[in-house]
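Beneath this line is the structure, given in structure tokens, with notes to follow.
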Amino acid sequence: MTQKKCLATVLVVGETIDGRLSAGTGDLGRQARQLAGRFKAEPVGVLTGHDIEPVARFWSKTAGMPVIILDHVQCRYPNPHLSASGVGALAVECSPLAVCFPHNLRACQAAASLAWRIKAPCITAVDAFLEENGQWVLSRAVFGGKLNETVSTVNTPMVLTVMPGLFSRSPSPDLPDHSPSVQTRLLTGTDHRFIPQGVDRREHTDQALERAQVIVAAGRGLKGPEHASLVKAAAGMFKHAAVGASRGACDLGWLPHSLQIGETGRTVSPALYLACGISGAPQHLAGIRESRTVVAVNTDPKAAINNLAHYAVTEDLTVFLPVLRERYDQMKEKGDAV
Ligand SMILES: Cc1cc2nc3c(=O)[nH]c(=O)nc-3n(C[C@H](O)[C@H](O)[C@H](O)COP(=O)(O)OP(=O)(O)OC[C@H]3O[C@@H](n4cnc5c(N)ncnc54)[C@H](O)[C@@H]3O)c2cc1C
């Protein structure tokens, strides 16, 4: 590896899976310039994979930043150990102010390992930058989303894992007209501890959730599968509507796993997201941040979902949803419902 000084001071680390950008990497790229801007720095992308120049050029172009490929045959699938060692060498070389990963299990592993290597603080699941006394502090949800913690650190570099949708989806106004700039570095060494065998791709042939304008989603507050009909009836009030679910409701078998929304489920962006009996764990919120309006129905006024919701209905869903449907049916009879 050459000892060339990097111009940029924030490293934005993405991953590829069998030659494709992972979902979190695409999102992180969209946020890269705003992220680096918080540090008054320029972003440099770092992409791990094998034979990924076309995809790196695409990431460089869309994110408006130069990209360094860390290439290794064992990085065809994400490999946190090799990633931490390659990014660690770059961090020593570039002295970045921050190294940012997308927030997922693999990246958390790489981030923690990197932080240990370069003796940096590691702050996971960052969901906002807040300004306090002219300084940026980082915010993250803890205790399953029940508390928000703010973290400030003067130590650099800091290693962050960043939740999706931290900044608005609109392209940042200062995105320069950027021709892709890609440089490849070959990683050496072999990792015998972590050998992915392949990818089990389960494509969703049903894109109803991604296309839906309205999503009525149910969580463990549903209390049982017998109440799933209430959620379906509520969805039936709208055109282009679909039913979604939290992992809590899916794990209990009340709704199919294919409807799970969140970090390990599907990412949605409807005009209206009606969350019924969902607490608002960070992993669920990760999948709904792009929703235009969020309405939460929850018996607990302090539920974390209410921090994100535009409207909070503090009520038992088995009371609220039938009343909502009844009012709709009455309006429909009068010809008032659309
Ligand atoms: C690595 C990892 C990945 C994960 N990925 C996901 C993911 O992709 N998606 C996801 O959803 N979760 C995910 N989770 C799980 C997540 O942490 C939460 O456990 C889960 O979202 C909780 O589901 P819930 O909100 O339905 O249940 P709970 O947290 O149990 O919340 C139930 C809510 O219902 C309310 N309630 C109770 N009764 C009523 C009633 N009668 N009427 C109205 N409200 C009522 C309660 O006040 C409570 O707020 C993941 C977790 C991990 C560790």
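Chain labels run A, B, ... following the order of the structure tokens; each chain numbers its residues from 1, and ligands are numbered from 1 in the order shown.
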
field: Secondary structure check, strand (DSSP E or B) residues of region 265-335 of chain A, as JSON, numbers by chain
entry: {"A": [266, 272, 273, 274, 275, 276, 293, 294, 295, 296, 297, 311, 312, 313]}

At most 8 Å from ligand 1 (only C-alpha atoms and all ligand atoms): residue list as an MDAnalysis selection string: chainID A and resid 104:105 144 218:223 245:249 260:266 276:287 297:301 303:305 314:319

task: Give me the residues within 7 Å of Ser269 (chain A) as JSON, numbers by chain, counting only C-alpha atoms and dropping any in the same chain fewer than 5 places off.
output: {"A": [210, 288, 290, 291]}

Limited to N, CA, C and O atoms, could you put the picked residues into a file as a compact mmCIF listing (two decimals), in the first residue's frame?
# COMPACT_ATOMS: atom_id res chain seq x y z
N GLU A 210 -43.63 -2.10 -1.05
CA GLU A 210 -42.76 -1.03 -1.54
C GLU A 210 -43.56 0.00 -2.35
O GLU A 210 -43.25 1.18 -2.37
N ILE A 288 -38.98 2.55 8.18
CA ILE A 288 -40.15 3.41 7.90
C ILE A 288 -39.81 4.90 7.88
O ILE A 288 -40.70 5.73 7.78
N GLU A 290 -38.68 6.83 5.75
CA GLU A 290 -39.00 7.60 4.54
C GLU A 290 -40.50 7.81 4.39
O GLU A 290 -40.95 8.37 3.39
N SER A 291 -41.31 7.36 5.36
CA SER A 291 -42.77 7.56 5.28
C SER A 291 -43.07 9.04 5.42
O SER A 291 -42.46 9.73 6.23

- request: Extract, using only C-alpha atoms, all DNA, RNA and protein residues at most 9 Å from Arg33 (chain A), discarding same-chain residues fewer than 2 positions from it, and format them as a list in words.
  value: Gly29, Arg30, Gln31, Leu35, Ala36, Gly37, Arg38, Ala41, Glu42, Pro43, Ala63, Gly64, Met65, Ser172, Asp174 and Leu175 of chain A

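Between CA of Arg140 (chain A) and CA of Leu166 (chain A) lies a distance of 11.1 Å.
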
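Atom pair CA of Gly189 (chain A) / CA of Val87 (chain A): separated by 14.0 Å.
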
Near Ala23 (chain A), counting only C-alpha atoms, which residues have an atom at most 10 Å away, once you skip same-chain residues fewer than 5 positions from it, shown as a compact mmCIF listing (two decimals) with all heavy atoms, in the first residue's frame?
# COMPACT_ATOMS: atom_id res chain seq x y z
N GLY A 14 -18.62 1.22 2.63
CA GLY A 14 -19.74 0.42 2.14
C GLY A 14 -19.31 -1.01 1.87
O GLY A 14 -18.12 -1.35 1.96
N GLU A 15 -20.27 -1.85 1.55
CA GLU A 15 -19.96 -3.25 1.28
C GLU A 15 -20.72 -3.69 0.04
O GLU A 15 -21.75 -3.10 -0.32
CB GLU A 15 -20.38 -4.13 2.48
CG GLU A 15 -21.87 -4.03 2.73
CD GLU A 15 -22.38 -4.79 3.94
OE1 GLU A 15 -21.59 -5.33 4.72
OE2 GLU A 15 -23.61 -4.85 4.08
N THR A 16 -20.20 -4.73 -0.61
CA THR A 16 -20.92 -5.33 -1.73
C THR A 16 -21.23 -6.78 -1.37
O THR A 16 -20.52 -7.40 -0.58
CB THR A 16 -20.10 -5.29 -3.02
OG1 THR A 16 -18.82 -5.91 -2.76
CG2 THR A 16 -19.88 -3.89 -3.52
N ILE A 17 -22.30 -7.28 -1.94
CA ILE A 17 -22.66 -8.68 -1.75
C ILE A 17 -22.74 -9.30 -3.13
O ILE A 17 -23.61 -8.92 -3.92
CB ILE A 17 -24.01 -8.83 -1.01
CG1 ILE A 17 -23.96 -8.07 0.33
CG2 ILE A 17 -24.38 -10.30 -0.81
CD1 ILE A 17 -25.26 -8.08 1.11
N LEU A 28 -26.14 4.86 2.58
CA LEU A 28 -25.01 5.59 3.18
C LEU A 28 -24.36 6.52 2.15
O LEU A 28 -23.97 7.64 2.47
CB LEU A 28 -23.98 4.60 3.73
CG LEU A 28 -22.89 5.19 4.61
CD1 LEU A 28 -23.47 5.73 5.90
CD2 LEU A 28 -21.83 4.15 4.93
N PRO A 102 -22.64 1.65 7.44
CA PRO A 102 -24.09 1.54 7.60
C PRO A 102 -24.37 0.70 8.83
O PRO A 102 -23.55 -0.14 9.20
CB PRO A 102 -24.53 0.80 6.32
CG PRO A 102 -23.32 0.09 5.84
CD PRO A 102 -22.12 0.85 6.33
N PRO A 164 -30.23 4.12 8.62
CA PRO A 164 -30.65 4.63 7.31
C PRO A 164 -31.50 5.90 7.47
O PRO A 164 -32.14 6.09 8.50
CB PRO A 164 -31.51 3.50 6.73
CG PRO A 164 -31.59 2.45 7.74
CD PRO A 164 -30.79 2.82 8.95
N THR A 267 -38.00 -2.16 3.47
CA THR A 267 -37.93 -0.70 3.68
C THR A 267 -39.05 -0.07 2.87
O THR A 267 -39.18 -0.35 1.68
CB THR A 267 -36.56 -0.17 3.20
OG1 THR A 267 -35.56 -0.87 3.92
CG2 THR A 267 -36.42 1.32 3.45

- prompt: Counting only C-alpha atoms, what is within 12 Å of Trp116 (chain A), bar same-chain residues fewer than 5 positions away, as an MDAnalysis selection string?
  reply: chainID A and resid 81 84:85 88 109:111 121:122 157:159

- prompt: Can you tell me, as a PyMOL selection string, what residues are no more than 7 Å from Ala208 (chain A) when counting only C-alpha atoms, ignoring any on the same chain fewer than 3 positions away?
  reply: chain A and resi 211-212+242

Dump of C-alpha atoms for the selected residues, as an mmCIF file, in the first residue's frame:
data_model
loop_
_atom_site.group_PDB
_atom_site.id
_atom_site.type_symbol
_atom_site.label_atom_id
_atom_site.label_comp_id
_atom_site.auth_asym_id
_atom_site.auth_seq_id
_atom_site.Cartn_x
_atom_site.Cartn_y
_atom_site.Cartn_z
ATOM 1 C CA ARG A 211 -45.394 0.424 -3.886
ATOM 2 C CA ALA A 212 -48.137 1.032 -1.304
ATOM 3 C CA ALA A 242 -51.009 -2.923 2.095
#

Nearest-residue call for Ile68 (chain A), choices A:Asn307, A:Ser181, A:Ser113, A:Gln197, using only C-alpha atoms: A:Ser181

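Take CA of Thr188 (chain A) and CA of Arg76 (chain A): the distance between them is 14.2 Å.
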
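For the set A:Glu132, A:Asp329, A:Asp18, A:Glu149, the residue with the smallest atom-to-atom gap to Asp51 (chain A) is A:Asp18, counting only C-alpha atoms.
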
task: List every residue of region 14-178 of chain A that DSSP, applied to the backbone of this structure, places in helix (DSSP H, G or I), and write the result as a ChimeraX atom specification.
output: /A:23-38,53-63,73-75,80-94,105-118

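Minimum atom-to-atom distances from A:Tyr311, A:Pro80, A:Val12, A:Ala56 to Arg193 (chain A) were compared using only C-alpha atoms, and the lowest value belongs to A:Pro80.
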
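Take the candidates A:Gly253, A:Pro270, A:Gly26, A:Gly19 and check each one against Pro78 (chain A) using only C-alpha atoms; the shortest distance goes to A:Gly19.
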